[in-house]
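Each remark here refers to the structure printed beneath this line.
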Amino acid sequence: MNTEKFIKPTKLVNNPLIWSLLVLLYPLLNEVVFSDFVREGEYNSRIGWSFITALFIMLGNRRWITAIVLLPFLLGGTCDIGYAYSFGGVFTTATMEAVAYSDQYEMIEYIQTYSSWQLNLILLGFFTIYCSAIYFCKSPSSEKSRKFIVVMGCILIAVVTYRTTIMTRFHDTIPGILGTIPSYHLGSISLNKEVELRKKMLSSTNLGAINERKDTPQTHVFIIGESATRNHMGIYGYKRNTTPNLSKINNELVILDNVISSHVQTQASLRSALTSADSSNDSNYREAPSIIDEANASGYKTFWISNQQPQRATIASISYQANVKYYLSNDFKGVEVYRFDEYMLDTINDAINDPAPFKAIFIHMMGSHAAYENRYPEKFSQFNDTDVNGYTDALSTSEISAINAYDNSILYSDYFVNAVINSLKTDKNGLRTLTFFSDHGEEVFQNDDIKGHTPDNLTRNMMEIPFILWSSDKSTDNVKGLTSNKHKPFMLDSLFHYALDTMNIGANALDKTKSISSKEYVQPQQRKIYGKSYEKTFQSK
């Protein structure tokens, strides 16, 4: 009997290079299927690392060594598959920033929100490949195969060593999230260093900030919403009445209907919105004064009241300059679910009633952060029917539930913003304003098969945000200017100039041509987000 044909398949099954390729390329296959774009470097790095892992597996020739060698790629590949399936993209340093500043409860919510039987089935296939590799892998019996793996493995180890130590090119050398993490780490600065850098910058910078209206007390509130797209708000024409309170006082508000965020992630969006750095040079935000810095320098008492986590380096370096800082999460001692925004109201009322004549109050909501169903009390669960519109006429039950939960979270945000406006109305002292906007929007199965926000697969809902002003005095030049400009295009990275204008602060960094409340405002011809023109790419859709 000729046994050669039985022996060859057995050798193939035991070959560590075959199993290394399967473990490394399975996540890539899913990225290709679910993502719009995969870098060429991702292909090269995964094939190259297959030879490196095969070399170590062959040298160890033990199952436990195989398990250890392939474990990082199992863990990294799991993250890569999950992100590609959920968001249609691959990890970048930008998306890594959002992950880095998520806490354990947000991660648990992410898993609960995006877990599905399809994703679980894909991951089960991946784990099966990993376990099979541990069981079958052996050192090749062929001397030719061993030499090939040794030569290629050693060459590629040298290449990886050079690219990571000399060129510091982790992102294109190590596949997936495993390469993104060190790339992000190199570009990031610790929280303490961020704060110290800002203090140092302020000590050596002449802001030139002055309060140009000291004749009357002023209280200015800036509410930062979270993940709120205006396209799910009744006051902006959404078919559901998700903003009943704001709609009732429509005539008291100035509603801007052509505002977009500069980024679709909180950190990147707010570091250009809260500082004089804009989206074209947001890498210089560490050297740019913030709204809080300018307010402090001009004699305002500043407050930062937040329902977000305090350990968010970009925002923390700015918020820590406020005279009064309050993080609701500190009172909850780690209990994140059902930490509703209304629990900030007492602290907000105390700030509004503070005797300081000039106050700037910044409020950072939890808003519509996923999971949406955890963002509002039960009594706000009012939208539970199937009368929803989406990217397809055949929305699944889970997709309809997500839209309902998101709309309920918008309904609750409407209640919260209105409650703060009512607090300002009870204080009859001087000029009072409230500006409400969101850091970015959210796609919830309306224009695409996506729930969330990601720069890898942009939709209009991720960037089109609400921007609303309430003022106790409608006769000011700022309110008149904003009213005349309310239909003009505006991008959130110019919030700094609008805020200083609204607070009547003159400063060296103020550019009134970028303040939409100014008669000198010059509207941008194109607003670019991640290098794409909003007007050309998204507005026409």
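Letters for chains follow the order of the structure tokens (A, B, ...), residue numbers begin at 1 for each chain, and ligand numbers begin at 1 in the order shown.
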As a ChimeraX atom specification, please: all residues of stretch 348-444 of chain A that backbone DSSP puts in strand (DSSP E or B).
-> /A:358-364,431-438,443-444
For A:Ala133, please output as a PyMOL selection string all residues within 9 Å (counting only C-alpha atoms; exclusion window: fewer than 6 positions along the same chain).
-> chain A and resi 14+16+18-20+22-23+63+66-67+70
Can I get the selection written as a PDB file, in the first residue's frame, with C-alpha atoms?
```pdb
ATOM      1  CA  ASN A  14       1.182  19.643  11.988  1.00  0.00           C
ATOM      2  CA  PRO A  16       3.336  25.493  12.601  1.00  0.00           C
ATOM      3  CA  ILE A  18       0.069  26.836   8.443  1.00  0.00           C
ATOM      4  CA  TRP A  19      -1.491  27.322  11.884  1.00  0.00           C
ATOM      5  CA  SER A  20       0.303  30.626  12.438  1.00  0.00           C
ATOM      6  CA  LEU A  22      -4.597  30.783  10.127  1.00  0.00           C
ATOM      7  CA  VAL A  23      -4.433  32.523  13.530  1.00  0.00           C
ATOM      8  CA  ARG A  63       1.883  22.761  23.340  1.00  0.00           C
ATOM      9  CA  THR A  66       2.472  27.274  21.254  1.00  0.00           C
ATOM     10  CA  ALA A  67      -0.351  28.567  23.460  1.00  0.00           C
ATOM     11  CA  LEU A  70      -0.125  32.671  19.866  1.00  0.00           C
TER      12      LEU A  70
END
```
Near A:Leu75, counting only C-alpha atoms, which residues have an atom at most 10 Å away, once you skip same-chain residues fewer than 3 positions from it, shown as a ChimeraX atom specification?
-> /A:70-72,78-80,127,177-178
Contact residues around A:Asn258 with only C-alpha atoms at 10 Å, ignoring same-chain residues under 5 positions, as number ranges by chain | A: 230, 464-467, 485-491, 539
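Proximity to A:Phe538 at 12 Å, evaluated using only C-alpha atoms and with sequence-adjacent residues fewer than 4 positions away removed, yields Ile260, Asn447, Asn457, Leu458, Thr459, Arg460, Asn461, Met462, Met463, Glu464, Gln526, Arg527, Lys528, Ile529, Lys532, Ser533 and Tyr534 of chain A.
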Keeping only N, CA and C atoms, write the selected residues to a file as a compact mmCIF listing (two decimals), in the first residue's frame.
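Result went into out.txt, see below:
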```
# COMPACT_ATOMS: atom_id res chain seq x y z
N ILE A 260 -21.68 71.20 12.74
CA ILE A 260 -21.13 69.84 12.80
C ILE A 260 -19.96 69.81 13.77
N ASN A 447 -29.05 55.88 8.88
CA ASN A 447 -28.51 55.98 7.52
C ASN A 447 -27.63 54.81 7.13
N ASN A 457 -16.13 54.82 9.50
CA ASN A 457 -17.31 54.66 8.66
C ASN A 457 -18.28 55.80 8.96
N LEU A 458 -17.91 56.99 8.54
CA LEU A 458 -18.63 58.20 8.91
C LEU A 458 -20.01 58.26 8.26
N THR A 459 -20.97 58.77 9.03
CA THR A 459 -22.29 59.12 8.50
C THR A 459 -22.64 60.51 8.99
N ARG A 460 -23.64 61.11 8.39
CA ARG A 460 -24.05 62.47 8.77
C ARG A 460 -24.47 62.54 10.23
N ASN A 461 -25.14 61.50 10.69
CA ASN A 461 -25.64 61.53 12.07
C ASN A 461 -24.51 61.59 13.10
N MET A 462 -23.33 61.11 12.73
CA MET A 462 -22.21 61.13 13.67
C MET A 462 -21.64 62.52 13.86
N MET A 463 -21.89 63.42 12.92
CA MET A 463 -21.27 64.75 12.98
C MET A 463 -22.27 65.90 13.09
N GLU A 464 -23.52 65.67 12.72
CA GLU A 464 -24.52 66.74 12.77
C GLU A 464 -25.09 66.85 14.18
N GLN A 526 -15.60 75.25 3.23
CA GLN A 526 -15.63 73.81 3.39
C GLN A 526 -15.29 73.47 4.84
N ARG A 527 -16.01 72.52 5.37
CA ARG A 527 -15.69 72.01 6.71
C ARG A 527 -15.17 70.58 6.55
N LYS A 528 -13.92 70.39 6.94
CA LYS A 528 -13.31 69.08 6.75
C LYS A 528 -13.27 68.30 8.05
N ILE A 529 -13.69 67.05 7.95
CA ILE A 529 -13.66 66.15 9.10
C ILE A 529 -12.91 64.89 8.67
N LYS A 532 -12.09 64.83 5.00
CA LYS A 532 -13.18 64.77 4.04
C LYS A 532 -14.04 66.03 4.15
N SER A 533 -14.40 66.58 3.02
CA SER A 533 -15.25 67.76 3.00
C SER A 533 -16.69 67.37 3.34
N TYR A 534 -17.22 67.98 4.39
CA TYR A 534 -18.60 67.69 4.78
C TYR A 534 -19.56 68.12 3.67
```
Which residues, written as a VMD selection string, have at least one atom at most 12 Å from A:Glu226, with only C-alpha atoms counted and residues fewer than 4 positions away on the same chain left out?
-> chain A and resid 230 261 264 to 267 269 to 270 306 to 308 341 363 to 370 372 375 406 409 to 410 413 436 to 442 452 to 453 462 to 463 465 to 466
With C-alpha atoms retained, export the selected residues as a PDB file, in the first residue's frame.
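See part-v1.pdb below for the written result:
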```
ATOM      1  CA  ARG A 230     -29.817  66.750  16.059  1.00  0.00           C
ATOM      2  CA  SER A 261     -18.501  68.453  15.132  1.00  0.00           C
ATOM      3  CA  VAL A 264     -16.716  61.950  16.121  1.00  0.00           C
ATOM      4  CA  GLN A 265     -14.919  61.098  19.369  1.00  0.00           C
ATOM      5  CA  THR A 266     -15.158  62.957  22.643  1.00  0.00           C
ATOM      6  CA  GLN A 267     -11.479  63.550  23.315  1.00  0.00           C
ATOM      7  CA  SER A 269     -13.717  66.871  19.538  1.00  0.00           C
ATOM      8  CA  LEU A 270     -13.460  68.675  22.864  1.00  0.00           C
ATOM      9  CA  SER A 306     -19.291  66.352  35.046  1.00  0.00           C
ATOM     10  CA  ASN A 307     -21.093  63.042  34.842  1.00  0.00           C
ATOM     11  CA  GLN A 308     -18.165  61.613  32.872  1.00  0.00           C
ATOM     12  CA  ASP A 341     -27.560  63.403  34.673  1.00  0.00           C
ATOM     13  CA  ILE A 363     -21.508  70.833  32.454  1.00  0.00           C
ATOM     14  CA  HIS A 364     -20.495  67.552  30.835  1.00  0.00           C
ATOM     15  CA  MET A 365     -23.434  65.188  30.480  1.00  0.00           C
ATOM     16  CA  MET A 366     -23.550  61.425  30.117  1.00  0.00           C
ATOM     17  CA  GLY A 367     -26.340  62.149  27.645  1.00  0.00           C
ATOM     18  CA  SER A 368     -26.813  59.426  25.055  1.00  0.00           C
ATOM     19  CA  HIS A 369     -23.636  57.473  25.710  1.00  0.00           C
ATOM     20  CA  ALA A 370     -24.075  53.780  24.907  1.00  0.00           C
ATOM     21  CA  TYR A 372     -28.638  54.149  25.746  1.00  0.00           C
ATOM     22  CA  ARG A 375     -29.098  56.788  30.504  1.00  0.00           C
ATOM     23  CA  TYR A 406     -31.673  56.291  21.933  1.00  0.00           C
ATOM     24  CA  SER A 409     -32.162  59.203  26.046  1.00  0.00           C
ATOM     25  CA  ILE A 410     -32.669  62.319  23.888  1.00  0.00           C
ATOM     26  CA  SER A 413     -31.536  65.154  27.823  1.00  0.00           C
ATOM     27  CA  PHE A 436     -26.212  73.472  24.647  1.00  0.00           C
ATOM     28  CA  PHE A 437     -24.266  71.457  22.096  1.00  0.00           C
ATOM     29  CA  SER A 438     -22.968  67.914  21.731  1.00  0.00           C
ATOM     30  CA  ASP A 439     -19.390  66.702  21.385  1.00  0.00           C
ATOM     31  CA  HIS A 440     -20.435  64.592  18.384  1.00  0.00           C
ATOM     32  CA  GLY A 441     -23.460  62.770  17.052  1.00  0.00           C
ATOM     33  CA  GLU A 442     -24.420  59.118  16.833  1.00  0.00           C
ATOM     34  CA  GLY A 452     -22.316  54.211  17.520  1.00  0.00           C
ATOM     35  CA  HIS A 453     -19.689  56.605  16.193  1.00  0.00           C
ATOM     36  CA  MET A 462     -22.214  61.125  13.669  1.00  0.00           C
ATOM     37  CA  MET A 463     -21.266  64.751  12.984  1.00  0.00           C
ATOM     38  CA  ILE A 465     -25.070  68.091  16.261  1.00  0.00           C
ATOM     39  CA  PRO A 466     -27.488  70.418  18.081  1.00  0.00           C
TER      40      PRO A 466
END
```
Please provide as a PyMOL selection string all residues within 6 Å of stretch 504-517 of chain A, with the sequence filter that same-chain residues fewer than 2 positions apart are discarded (counting only C-alpha atoms).
-> chain A and resi 207-212+478+481-482+494+497-498+500-502+520-522
As an MDAnalysis selection string, list the residues of stretch 337-451 of chain A assigned to helix (DSSP H, G or I) by DSSP on the backbone atoms of this structure.
-> chainID A and resid 341:352 372:374 378:380 397:426
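With only C-alpha atoms as the atoms that count, the minimum distance from A:Asp493 to the choices A:Asp407, A:Glu194, A:Asp278, A:Glu31 is reached by A:Asp278.
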Between atom CA of A:Ser317 and atom CA of A:Leu202, what is the spacing in Å?
-> 11.8 Å
